[in-house]
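As stored in upload_27.cif (mmCIF, C-alpha atoms):
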data_data
#
loop_
_atom_site.label_atom_id
_atom_site.label_comp_id
_atom_site.auth_asym_id
_atom_site.auth_seq_id
_atom_site.Cartn_x
_atom_site.Cartn_y
_atom_site.Cartn_z
CA MET U 1 -162.65 111.92 -73.87
CA ASN U 2 -161.03 114.67 -71.84
CA ALA U 3 -157.99 116.40 -73.21
CA VAL U 4 -154.80 116.25 -71.16
CA ASN U 5 -152.08 118.79 -71.65
CA ASP U 6 -148.84 117.74 -73.28
CA ALA U 7 -145.74 119.69 -72.45
CA PRO U 8 -144.18 121.56 -75.38
CA THR U 9 -140.94 120.24 -76.76
CA ILE U 10 -137.74 121.78 -78.03
CA THR U 11 -134.42 120.32 -79.05
CA ASN U 12 -132.52 119.69 -75.88
CA GLY U 13 -129.34 121.75 -75.80
CA ALA U 14 -130.36 123.93 -78.75
CA ILE U 15 -128.19 127.03 -78.92
CA ALA U 16 -129.27 130.24 -80.63
CA THR U 17 -126.38 132.53 -81.45
CA TRP U 18 -127.43 136.15 -81.65
CA THR U 19 -125.78 138.77 -83.78
CA GLY U 20 -122.89 140.11 -81.76
CA THR U 21 -122.46 143.56 -80.34
CA ASN U 22 -119.75 145.45 -78.49
CA GLU U 23 -119.49 146.28 -74.81
CA ASP U 24 -120.86 149.79 -75.36
CA ALA U 25 -123.86 148.87 -77.51
CA THR U 26 -127.16 147.24 -76.66
CA SER U 27 -127.81 144.20 -78.82
CA ALA U 28 -130.55 144.05 -81.37
CA ALA U 29 -133.89 142.81 -79.99
CA ASN U 30 -134.80 139.20 -80.78
CA THR U 31 -138.31 137.81 -80.66
CA ILE U 32 -139.19 134.92 -78.41
CA ALA U 33 -140.90 133.27 -81.36
CA ALA U 34 -137.60 133.31 -83.26
CA ILE U 35 -135.74 131.81 -80.32
CA LEU U 36 -138.25 128.96 -80.08
CA SER U 37 -138.12 128.35 -83.82
CA THR U 38 -134.34 127.98 -83.59
CA ALA U 39 -134.91 125.27 -81.00
CA SER U 40 -137.52 123.45 -83.19
CA TRP U 41 -140.42 124.16 -80.85
CA ALA U 42 -143.36 121.76 -81.14
CA ASP U 43 -146.51 120.99 -79.16
CA ALA U 44 -148.78 117.99 -79.69
CA ASP U 45 -151.75 119.96 -78.42
CA ALA U 46 -153.67 121.92 -81.01
CA GLY U 47 -153.64 125.68 -80.63
CA ARG U 48 -150.97 125.88 -77.98
CA LEU U 49 -149.15 129.19 -77.50
CA ARG U 50 -145.42 129.63 -77.72
CA ALA U 51 -143.66 131.23 -74.77
CA LEU U 52 -140.64 131.13 -72.49
CA PRO U 53 -140.42 130.67 -68.77
CA MET Q 1 -133.46 133.02 -62.37
CA SER Q 2 -133.79 129.31 -61.75
CA ASN Q 3 -136.16 126.42 -62.39
CA ASP Q 4 -138.19 127.37 -59.33
CA HIS Q 5 -138.20 131.08 -60.21
CA ALA Q 6 -138.41 131.30 -64.00
CA LEU Q 7 -139.54 134.51 -65.72
CA LEU Q 8 -142.62 133.90 -67.88
CA LEU Q 9 -142.67 135.61 -71.28
CA SER Q 10 -145.23 135.25 -74.03
CA SER Q 11 -144.16 134.83 -77.64
CA GLY Q 12 -145.01 138.46 -78.40
CA GLY Q 13 -142.12 139.60 -76.26
CA GLN Q 14 -138.57 140.37 -77.27
CA LEU Q 15 -135.23 140.00 -75.57
CA ARG Q 16 -131.98 141.92 -75.87
CA TYR Q 17 -128.68 142.28 -74.02
CA LEU Q 18 -127.30 145.43 -72.40
CA PRO Q 19 -123.53 145.14 -71.83
CA ASP Q 20 -122.04 146.88 -68.81
CA GLY Q 21 -119.57 148.81 -70.96
CA ASN Q 22 -116.50 147.31 -69.30
CA ASN Q 23 -115.29 144.21 -71.17
CA GLY Q 24 -116.07 141.77 -73.94
CA GLU Q 25 -117.82 138.54 -72.95
CA PHE Q 26 -120.11 135.72 -74.07
CA PRO Q 27 -123.26 136.05 -71.96
CA THR Q 28 -125.90 133.32 -72.17
CA PHE Q 29 -129.32 132.45 -70.83
CA THR Q 30 -131.11 129.14 -70.62
CA TYR Q 31 -134.82 128.55 -71.11
CA ARG Q 32 -137.60 125.98 -71.36
CA ALA Q 33 -140.56 126.27 -73.70
CA TRP Q 34 -143.86 127.23 -72.02
CA ASP Q 35 -147.33 126.53 -73.49
CA GLN Q 36 -149.09 128.97 -71.12
CA THR Q 37 -151.53 126.35 -69.82
CA SER Q 38 -150.48 127.34 -66.31
CA GLY Q 39 -149.05 130.53 -64.92
CA ALA Q 40 -149.47 134.02 -66.33
CA ALA Q 41 -147.23 135.91 -68.69
CA SER Q 42 -145.35 138.97 -67.53
CA THR Q 43 -146.70 142.32 -68.59
CA ASN Q 44 -144.91 145.63 -68.96
CA GLY Q 45 -143.41 146.45 -65.60
CA VAL Q 46 -144.91 143.37 -63.92
CA PRO Q 47 -142.65 140.32 -64.12
CA ARG Q 48 -144.28 137.00 -63.33
CA TYR Q 49 -142.52 133.82 -62.37
CA ALA Q 50 -143.19 130.11 -62.07
CA ASP Q 51 -141.57 126.94 -60.81
CA THR Q 52 -140.98 124.91 -63.95
CA GLY Q 53 -139.74 121.85 -62.13
CA SER Q 54 -138.19 119.46 -64.58
CA GLY Q 55 -141.00 120.02 -67.10
CA GLY Q 56 -142.34 117.48 -69.56
CA GLY Q 57 -145.35 115.18 -69.15
CA THR Q 58 -148.55 117.14 -68.68
CA THR Q 59 -146.82 120.27 -67.38
CA ALA Q 60 -146.74 123.57 -69.22
CA PHE Q 61 -142.97 123.41 -69.62
CA SER Q 62 -140.65 121.47 -71.88
CA SER Q 63 -138.32 119.00 -70.27
CA ALA Q 64 -135.60 120.06 -72.69
CA THR Q 65 -133.72 123.30 -72.31
CA GLY Q 66 -132.24 125.59 -74.91
CA SER Q 67 -129.88 128.50 -74.61
CA VAL Q 68 -128.98 131.78 -76.26
CA ILE Q 69 -125.49 133.18 -76.54
CA ILE Q 70 -124.18 136.48 -77.86
CA ALA Q 71 -120.63 137.61 -78.51
CA VAL Q 72 -119.83 140.99 -76.96
CA THR Q 73 -116.57 142.42 -78.22
CA SER Q 74 -114.30 144.65 -76.17
CA VAL Q 75 -113.93 148.39 -76.66
CA ASN Q 76 -111.09 150.17 -74.95
CA ASP Q 77 -111.95 152.20 -71.86
CA ALA Q 78 -109.68 155.02 -70.84
CA PRO Q 79 -107.99 154.53 -67.48
CA SER Q 80 -108.78 156.83 -64.59
CA LEU Q 81 -106.56 158.43 -62.00
CA ASN Q 82 -107.28 158.14 -58.31
CA GLY Q 83 -104.96 160.40 -56.35
CA SER Q 84 -101.27 161.02 -56.87
CA ALA Q 85 -97.90 159.71 -55.78
CA ALA Q 86 -94.90 161.78 -54.74
CA PHE Q 87 -91.31 161.32 -55.84
CA THR Q 88 -88.79 160.04 -53.35
CA PRO Q 89 -87.27 163.20 -51.78
CA ILE Q 90 -83.71 164.06 -52.82
CA ASP Q 91 -81.17 166.71 -51.83
CA GLU Q 92 -80.71 169.76 -53.99
CA ASP Q 93 -77.17 168.52 -54.75
CA ALA Q 94 -78.24 165.07 -55.88
CA THR Q 95 -77.43 165.22 -59.56
CA ASN Q 96 -77.36 161.48 -60.11
CA SER Q 97 -80.36 160.16 -58.18
CA ASN Q 98 -81.72 156.68 -58.87
CA GLY Q 99 -85.08 158.04 -59.95
CA ASP Q 100 -88.45 156.47 -59.23
CA LEU Q 101 -90.18 153.76 -61.17
CA VAL Q 102 -92.92 154.88 -63.51
CA SER Q 103 -94.98 152.06 -62.04
CA ASN Q 104 -94.96 153.90 -58.68
CA PHE Q 105 -96.97 156.69 -60.25
CA ALA Q 106 -99.05 154.53 -62.55
CA SER Q 107 -100.18 152.54 -59.50
CA VAL Q 108 -102.73 155.24 -58.66
CA SER Q 109 -104.63 154.55 -61.86
CA THR Q 110 -107.40 152.03 -62.46
CA ASP Q 111 -108.79 150.55 -65.63
CA VAL Q 112 -111.98 148.53 -66.06
CA ASP Q 113 -110.46 146.64 -69.00
CA THR Q 114 -109.21 143.19 -68.13
CA GLY Q 115 -105.47 142.92 -68.66
CA ALA Q 116 -104.99 146.63 -69.29
CA LEU Q 117 -101.37 147.79 -69.17
CA LYS Q 118 -100.25 150.77 -67.14
CA GLY Q 119 -98.06 153.68 -68.09
CA LEU Q 120 -97.80 157.45 -68.03
CA ALA Q 121 -98.18 160.15 -70.64
CA ILE Q 122 -96.27 163.12 -69.24
CA THR Q 123 -98.00 166.28 -70.34
CA SER Q 124 -95.90 169.00 -68.73
CA VAL Q 125 -92.76 169.46 -66.65
CA ASP Q 126 -91.41 172.26 -64.50
CA ASN Q 127 -87.70 172.54 -65.26
CA SER Q 128 -87.23 175.92 -63.62
CA ASN Q 129 -84.89 174.53 -60.91
CA GLY Q 130 -83.54 171.43 -62.60
CA THR Q 131 -84.27 169.00 -65.38
CA TRP Q 132 -86.60 166.03 -65.46
CA GLU Q 133 -85.13 162.95 -67.07
CA TYR Q 134 -86.25 159.44 -67.86
CA THR Q 135 -84.46 156.22 -68.68
CA LEU Q 136 -85.53 153.15 -70.58
CA ASN Q 137 -82.83 150.82 -69.35
CA GLY Q 138 -81.94 152.21 -65.93
CA THR Q 139 -78.60 153.51 -67.23
CA THR Q 140 -78.97 156.03 -70.01
CA TRP Q 141 -80.99 159.10 -69.10
CA PHE Q 142 -82.80 161.46 -71.46
CA ALA Q 143 -84.24 164.87 -70.70
CA ILE Q 144 -87.99 164.81 -70.96
CA GLY Q 145 -88.87 166.61 -74.15
CA MET Q 146 -85.95 165.22 -76.11
CA SER Q 147 -86.60 162.82 -78.91
CA PRO Q 148 -86.23 159.39 -77.34
CA PRO Q 149 -85.87 155.68 -78.11
CA ALA Q 150 -88.33 153.20 -76.54
CA ALA Q 151 -90.07 152.13 -73.16
CA PRO Q 152 -89.54 154.33 -70.09
CA ALA Q 153 -89.10 152.47 -66.85
CA PHE Q 154 -87.75 155.19 -64.62
CA CYS Q 155 -87.97 158.94 -64.19
CA ARG Q 156 -85.69 161.11 -62.12
CA PRO Q 157 -85.04 164.82 -61.65
CA THR Q 158 -81.57 166.21 -62.25
CA LEU Q 159 -81.05 169.32 -60.21
CA ALA Q 160 -79.37 172.58 -61.07
CA PRO Q 161 -76.06 173.48 -59.33
CA ALA Q 162 -76.57 173.80 -55.64
CA SER Q 163 -76.74 176.97 -53.72
CA ALA Q 164 -77.61 177.79 -50.14
CA SER Q 165 -81.01 179.07 -51.07
CA PHE Q 166 -81.75 176.51 -53.72
CA GLN Q 167 -85.24 175.02 -53.42
CA CYS Q 168 -86.35 171.97 -55.30
CA LYS Q 169 -89.61 172.90 -56.95
CA LEU Q 170 -89.85 170.25 -59.57
CA GLU Q 171 -93.30 169.02 -60.32
CA ARG Q 172 -94.37 166.66 -62.97
CA ASN Q 173 -97.91 166.46 -64.29
CA ASP Q 174 -98.80 163.20 -65.86
CA ARG Q 175 -101.73 161.61 -67.53
CA ASP Q 176 -102.24 157.91 -67.18
CA ASP Q 177 -101.76 155.88 -70.32
CA ASP Q 178 -102.93 152.30 -70.63
CA VAL Q 179 -101.14 151.93 -73.96
CA GLN Q 180 -104.09 150.13 -75.54
CA GLY Q 181 -105.47 151.73 -78.63
CA LEU Q 182 -102.31 153.49 -79.65
CA GLY Q 183 -100.80 153.10 -83.10
CA PRO Q 184 -97.51 151.24 -83.48
CA ASP Q 185 -95.42 154.39 -83.16
CA GLU Q 186 -97.40 155.85 -80.27
CA ARG Q 187 -97.53 152.51 -78.49
CA GLN Q 188 -93.75 152.60 -78.25
CA CYS Q 189 -92.96 153.77 -74.75
CA GLY Q 190 -90.64 156.73 -74.67
CA GLY Q 191 -92.34 158.13 -77.74
CA LEU Q 192 -94.65 161.09 -78.04
CA ALA Q 193 -98.42 161.05 -78.42
CA ASP Q 194 -101.19 163.61 -78.69
CA VAL Q 195 -103.28 163.31 -75.50
CA THR Q 196 -105.54 166.29 -76.12
CA VAL Q 197 -108.25 163.78 -76.96
CA ASN Q 198 -108.68 161.65 -73.86
CA GLY Q 199 -111.19 159.68 -71.82
CA GLY Q 200 -113.91 157.60 -73.46
CA THR Q 201 -112.36 154.86 -75.55
CA THR Q 202 -108.95 156.53 -75.82
CA ALA Q 203 -105.80 155.28 -74.13
CA PHE Q 204 -105.57 158.32 -71.85
CA SER Q 205 -107.29 159.34 -68.65
CA VAL Q 206 -109.37 162.50 -68.46
CA GLY Q 207 -107.81 163.47 -65.16
CA THR Q 208 -104.23 164.53 -64.60
CA SER Q 209 -102.10 164.15 -61.53
CA GLY Q 210 -98.95 165.83 -60.27
CA ALA Q 211 -95.94 164.05 -58.77
CA PRO Q 212 -94.31 166.67 -56.52
CA LEU Q 213 -90.68 166.43 -55.46
CA SER Q 214 -89.47 167.79 -52.16
#
Target encoding structure tokens, full file:
Amino acid sequence: MNAVNDAPTITNGAIATWTGTNEDATSAANTIAAILSTASWADADAGRLRALP
Amino acid sequence: MSNDHALLLSSGGQLRYLPDGNNGEFPTFTYRAWDQTSGAASTNGVPRYADTGSGGGTTAFSSATGSVIIAVTSVNDAPSLNGSAAFTPIDEDATNSNGDLVSNFASVSTDVDTGALKGLAITSVDNSNGTWEYTLNGTTWFAIGMSPPAAPAFCRPTLAPASASFQCKLERNDRDDDVQGLGPDERQCGGLADVTVNGGTTAFSVGTSGAPLS
């Protein structure tokens, strides 16, 4: 049986609120992995990588 | 960025926000999840893009979208002066002129802050041939330098007694004041403030401008 890719899933409309900053300061860096975790990332395919387009 | 031109980032990457230094805001971005089964991740200095379409099914992209938001708070920006404005000319004998609105002189200033107020911080006056005055209500005039009440709306020169050779040489140097950032006492127009510290996030412009009277 050939494997067929399944698109990853996240919670539609999930909103991640970052720690605020002010207009003169660069925000803290946030990892893409953390962003996806906030949105309850999941993938039915084993071993799939997490990423953002 | 758009669905047909989406930046591809692997999970090892990080994101941050660089404000433009002008105003507070709530910037956002929207994303889809990407399983990297098609397309290639961006590398340092080489952004890569893909058309995600609507995602889902057997594609590499989620059909659902998420978003990120960050609160950026405002910090005051000092106003800047761009040029100068001259007083309405008066005769040397005009000892009760109407004066000119402060707003005429403040109009040459700009401020990147949304909703910034305009005003002047007068830093020096030349009273050698007359006296500079201001009024807060259009009726009662005070000599600049005297201890005042509140909120100047007009300034006018009061000239010395006339003579055939009298020359008006009044000149006022002013520093723009956007009022923001001042304490309660300093915020009161017609009051006195220390403007030796200026620019940056202060309420006062770095530059000064003269308002000559002829």
* Asked: So which residues get picked by the PyMOL selection byres ((chain U) within 7 of (chain Q)) here, written as a PyMOL selection string?
  -> chain U and resi 4-33+39+48-53
* Work out how far CA of Val125 (chain Q) is from CA of Ser103 (chain Q), in Å to one decimal. =>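 Rounded to one decimal, the two atoms are 18.1 Å apart.
Our summary of the geometry notes that CA of Ser124 (chain Q) is positioned 9.2 Å from CA of Ile144 (chain Q).
Note that CA of Thr131 (chain Q) and CA of Ser80 (chain Q) are 27.4 Å apart.
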Rebuild region 8-43 of chain U to N, CA and C atoms - output it as a PDB file, keeping the file's coordinate frame, please.
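Below is the file part02.pdb, written as the result:
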ATOM      1  N   PRO U   8    -144.819 121.231 -74.088  1.00  0.00           N
ATOM      2  CA  PRO U   8    -144.180 121.560 -75.380  1.00  0.00           C
ATOM      3  C   PRO U   8    -142.796 120.906 -75.434  1.00  0.00           C
ATOM      4  N   THR U   9    -142.271 120.824 -76.611  1.00  0.00           N
ATOM      5  CA  THR U   9    -140.940 120.240 -76.760  1.00  0.00           C
ATOM      6  C   THR U   9    -140.026 121.186 -77.547  1.00  0.00           C
ATOM      7  N   ILE U  10    -138.782 121.106 -77.251  1.00  0.00           N
ATOM      8  CA  ILE U  10    -137.740 121.780 -78.030  1.00  0.00           C
ATOM      9  C   ILE U  10    -136.552 120.825 -78.104  1.00  0.00           C
ATOM     10  N   THR U  11    -135.631 121.141 -78.954  1.00  0.00           N
ATOM     11  CA  THR U  11    -134.420 120.320 -79.050  1.00  0.00           C
ATOM     12  C   THR U  11    -133.547 120.575 -77.831  1.00  0.00           C
ATOM     13  N   ASN U  12    -133.312 119.508 -77.095  1.00  0.00           N
ATOM     14  CA  ASN U  12    -132.520 119.690 -75.880  1.00  0.00           C
ATOM     15  C   ASN U  12    -131.107 120.182 -76.231  1.00  0.00           C
ATOM     16  N   GLY U  13    -130.693 121.221 -75.562  1.00  0.00           N
ATOM     17  CA  GLY U  13    -129.340 121.750 -75.800  1.00  0.00           C
ATOM     18  C   GLY U  13    -129.244 122.669 -77.002  1.00  0.00           C
ATOM     19  N   ALA U  14    -130.400 123.018 -77.596  1.00  0.00           N
ATOM     20  CA  ALA U  14    -130.360 123.930 -78.750  1.00  0.00           C
ATOM     21  C   ALA U  14    -129.717 125.253 -78.345  1.00  0.00           C
ATOM     22  N   ILE U  15    -128.878 125.755 -79.204  1.00  0.00           N
ATOM     23  CA  ILE U  15    -128.190 127.030 -78.920  1.00  0.00           C
ATOM     24  C   ILE U  15    -128.493 128.019 -80.030  1.00  0.00           C
ATOM     25  N   ALA U  16    -129.042 129.163 -79.665  1.00  0.00           N
ATOM     26  CA  ALA U  16    -129.270 130.240 -80.630  1.00  0.00           C
ATOM     27  C   ALA U  16    -128.166 131.265 -80.452  1.00  0.00           C
ATOM     28  N   THR U  17    -127.465 131.554 -81.513  1.00  0.00           N
ATOM     29  CA  THR U  17    -126.380 132.530 -81.450  1.00  0.00           C
ATOM     30  C   THR U  17    -126.855 133.855 -82.036  1.00  0.00           C
ATOM     31  N   TRP U  18    -126.949 134.834 -81.203  1.00  0.00           N
ATOM     32  CA  TRP U  18    -127.430 136.150 -81.650  1.00  0.00           C
ATOM     33  C   TRP U  18    -126.326 136.918 -82.360  1.00  0.00           C
ATOM     34  N   THR U  19    -126.736 137.867 -83.151  1.00  0.00           N
ATOM     35  CA  THR U  19    -125.780 138.770 -83.780  1.00  0.00           C
ATOM     36  C   THR U  19    -125.018 139.525 -82.686  1.00  0.00           C
ATOM     37  N   GLY U  20    -123.721 139.531 -82.804  1.00  0.00           N
ATOM     38  CA  GLY U  20    -122.890 140.110 -81.760  1.00  0.00           C
ATOM     39  C   GLY U  20    -123.021 141.627 -81.653  1.00  0.00           C
ATOM     40  N   THR U  21    -122.480 142.121 -80.568  1.00  0.00           N
ATOM     41  CA  THR U  21    -122.460 143.560 -80.340  1.00  0.00           C
ATOM     42  C   THR U  21    -121.136 143.896 -79.667  1.00  0.00           C
ATOM     43  N   ASN U  22    -120.945 145.140 -79.275  1.00  0.00           N
ATOM     44  CA  ASN U  22    -119.750 145.450 -78.490  1.00  0.00           C
ATOM     45  C   ASN U  22    -120.167 145.917 -77.104  1.00  0.00           C
ATOM     46  N   GLU U  23    -119.185 146.032 -76.229  1.00  0.00           N
ATOM     47  CA  GLU U  23    -119.490 146.280 -74.810  1.00  0.00           C
ATOM     48  C   GLU U  23    -120.223 147.590 -74.555  1.00  0.00           C
ATOM     49  N   ASP U  24    -120.198 148.500 -75.539  1.00  0.00           N
ATOM     50  CA  ASP U  24    -120.860 149.790 -75.360  1.00  0.00           C
ATOM     51  C   ASP U  24    -122.197 149.897 -76.078  1.00  0.00           C
ATOM     52  N   ALA U  25    -122.634 148.809 -76.706  1.00  0.00           N
ATOM     53  CA  ALA U  25    -123.860 148.870 -77.510  1.00  0.00           C
ATOM     54  C   ALA U  25    -124.856 147.800 -77.111  1.00  0.00           C
ATOM     55  N   THR U  26    -126.098 148.201 -76.939  1.00  0.00           N
ATOM     56  CA  THR U  26    -127.160 147.240 -76.660  1.00  0.00           C
ATOM     57  C   THR U  26    -127.393 146.368 -77.893  1.00  0.00           C
ATOM     58  N   SER U  27    -127.606 145.104 -77.679  1.00  0.00           N
ATOM     59  CA  SER U  27    -127.810 144.200 -78.820  1.00  0.00           C
ATOM     60  C   SER U  27    -129.135 144.500 -79.502  1.00  0.00           C
ATOM     61  N   ALA U  28    -129.265 143.984 -80.687  1.00  0.00           N
ATOM     62  CA  ALA U  28    -130.550 144.050 -81.370  1.00  0.00           C
ATOM     63  C   ALA U  28    -131.561 143.210 -80.578  1.00  0.00           C
ATOM     64  N   ALA U  29    -132.845 143.581 -80.662  1.00  0.00           N
ATOM     65  CA  ALA U  29    -133.890 142.810 -79.990  1.00  0.00           C
ATOM     66  C   ALA U  29    -134.209 141.562 -80.811  1.00  0.00           C
ATOM     67  N   ASN U  30    -134.453 140.466 -80.122  1.00  0.00           N
ATOM     68  CA  ASN U  30    -134.800 139.200 -80.780  1.00  0.00           C
ATOM     69  C   ASN U  30    -136.145 138.724 -80.241  1.00  0.00           C
ATOM     70  N   THR U  31    -136.994 138.242 -81.113  1.00  0.00           N
ATOM     71  CA  THR U  31    -138.310 137.810 -80.660  1.00  0.00           C
ATOM     72  C   THR U  31    -138.235 136.431 -80.012  1.00  0.00           C
ATOM     73  N   ILE U  32    -139.117 136.221 -79.074  1.00  0.00           N
ATOM     74  CA  ILE U  32    -139.190 134.920 -78.410  1.00  0.00           C
ATOM     75  C   ILE U  32    -139.617 133.847 -79.418  1.00  0.00           C
ATOM     76  N   ALA U  33    -140.473 134.224 -80.332  1.00  0.00           N
ATOM     77  CA  ALA U  33    -140.900 133.270 -81.360  1.00  0.00           C
ATOM     78  C   ALA U  33    -139.699 132.783 -82.177  1.00  0.00           C
ATOM     79  N   ALA U  34    -138.777 133.696 -82.482  1.00  0.00           N
ATOM     80  CA  ALA U  34    -137.600 133.310 -83.260  1.00  0.00           C
ATOM     81  C   ALA U  34    -136.692 132.392 -82.454  1.00  0.00           C
ATOM     82  N   ILE U  35    -136.574 132.667 -81.177  1.00  0.00           N
ATOM     83  CA  ILE U  35    -135.740 131.810 -80.320  1.00  0.00           C
ATOM     84  C   ILE U  35    -136.293 130.389 -80.296  1.00  0.00           C
ATOM     85  N   LEU U  36    -137.623 130.288 -80.146  1.00  0.00           N
ATOM     86  CA  LEU U  36    -138.250 128.960 -80.080  1.00  0.00           C
ATOM     87  C   LEU U  36    -138.158 128.242 -81.423  1.00  0.00           C
ATOM     88  N   SER U  37    -138.246 128.981 -82.493  1.00  0.00           N
ATOM     89  CA  SER U  37    -138.120 128.350 -83.820  1.00  0.00           C
ATOM     90  C   SER U  37    -136.733 127.755 -83.991  1.00  0.00           C
ATOM     91  N   THR U  38    -135.720 128.489 -83.503  1.00  0.00           N
ATOM     92  CA  THR U  38    -134.340 127.980 -83.590  1.00  0.00           C
ATOM     93  C   THR U  38    -134.213 126.652 -82.864  1.00  0.00           C
ATOM     94  N   ALA U  39    -134.998 126.490 -81.805  1.00  0.00           N
ATOM     95  CA  ALA U  39    -134.910 125.270 -81.000  1.00  0.00           C
ATOM     96  C   ALA U  39    -135.927 124.223 -81.456  1.00  0.00           C
ATOM     97  N   SER U  40    -136.549 124.422 -82.634  1.00  0.00           N
ATOM     98  CA  SER U  40    -137.520 123.450 -83.190  1.00  0.00           C
ATOM     99  C   SER U  40    -138.685 123.199 -82.237  1.00  0.00           C
ATOM    100  N   TRP U  41    -139.288 124.273 -81.757  1.00  0.00           N
ATOM    101  CA  TRP U  41    -140.420 124.160 -80.850  1.00  0.00           C
ATOM    102  C   TRP U  41    -141.545 123.340 -81.479  1.00  0.00           C
ATOM    103  N   ALA U  42    -142.193 122.527 -80.666  1.00  0.00           N
ATOM    104  CA  ALA U  42    -143.360 121.760 -81.140  1.00  0.00           C
ATOM    105  C   ALA U  42    -144.272 121.509 -79.950  1.00  0.00           C
ATOM    106  N   ASP U  43    -145.558 121.312 -80.223  1.00  0.00           N
ATOM    107  CA  ASP U  43    -146.510 120.990 -79.160  1.00  0.00           C
ATOM    108  C   ASP U  43    -147.591 120.106 -79.764  1.00  0.00           C
TER     109      ASP U  43
END
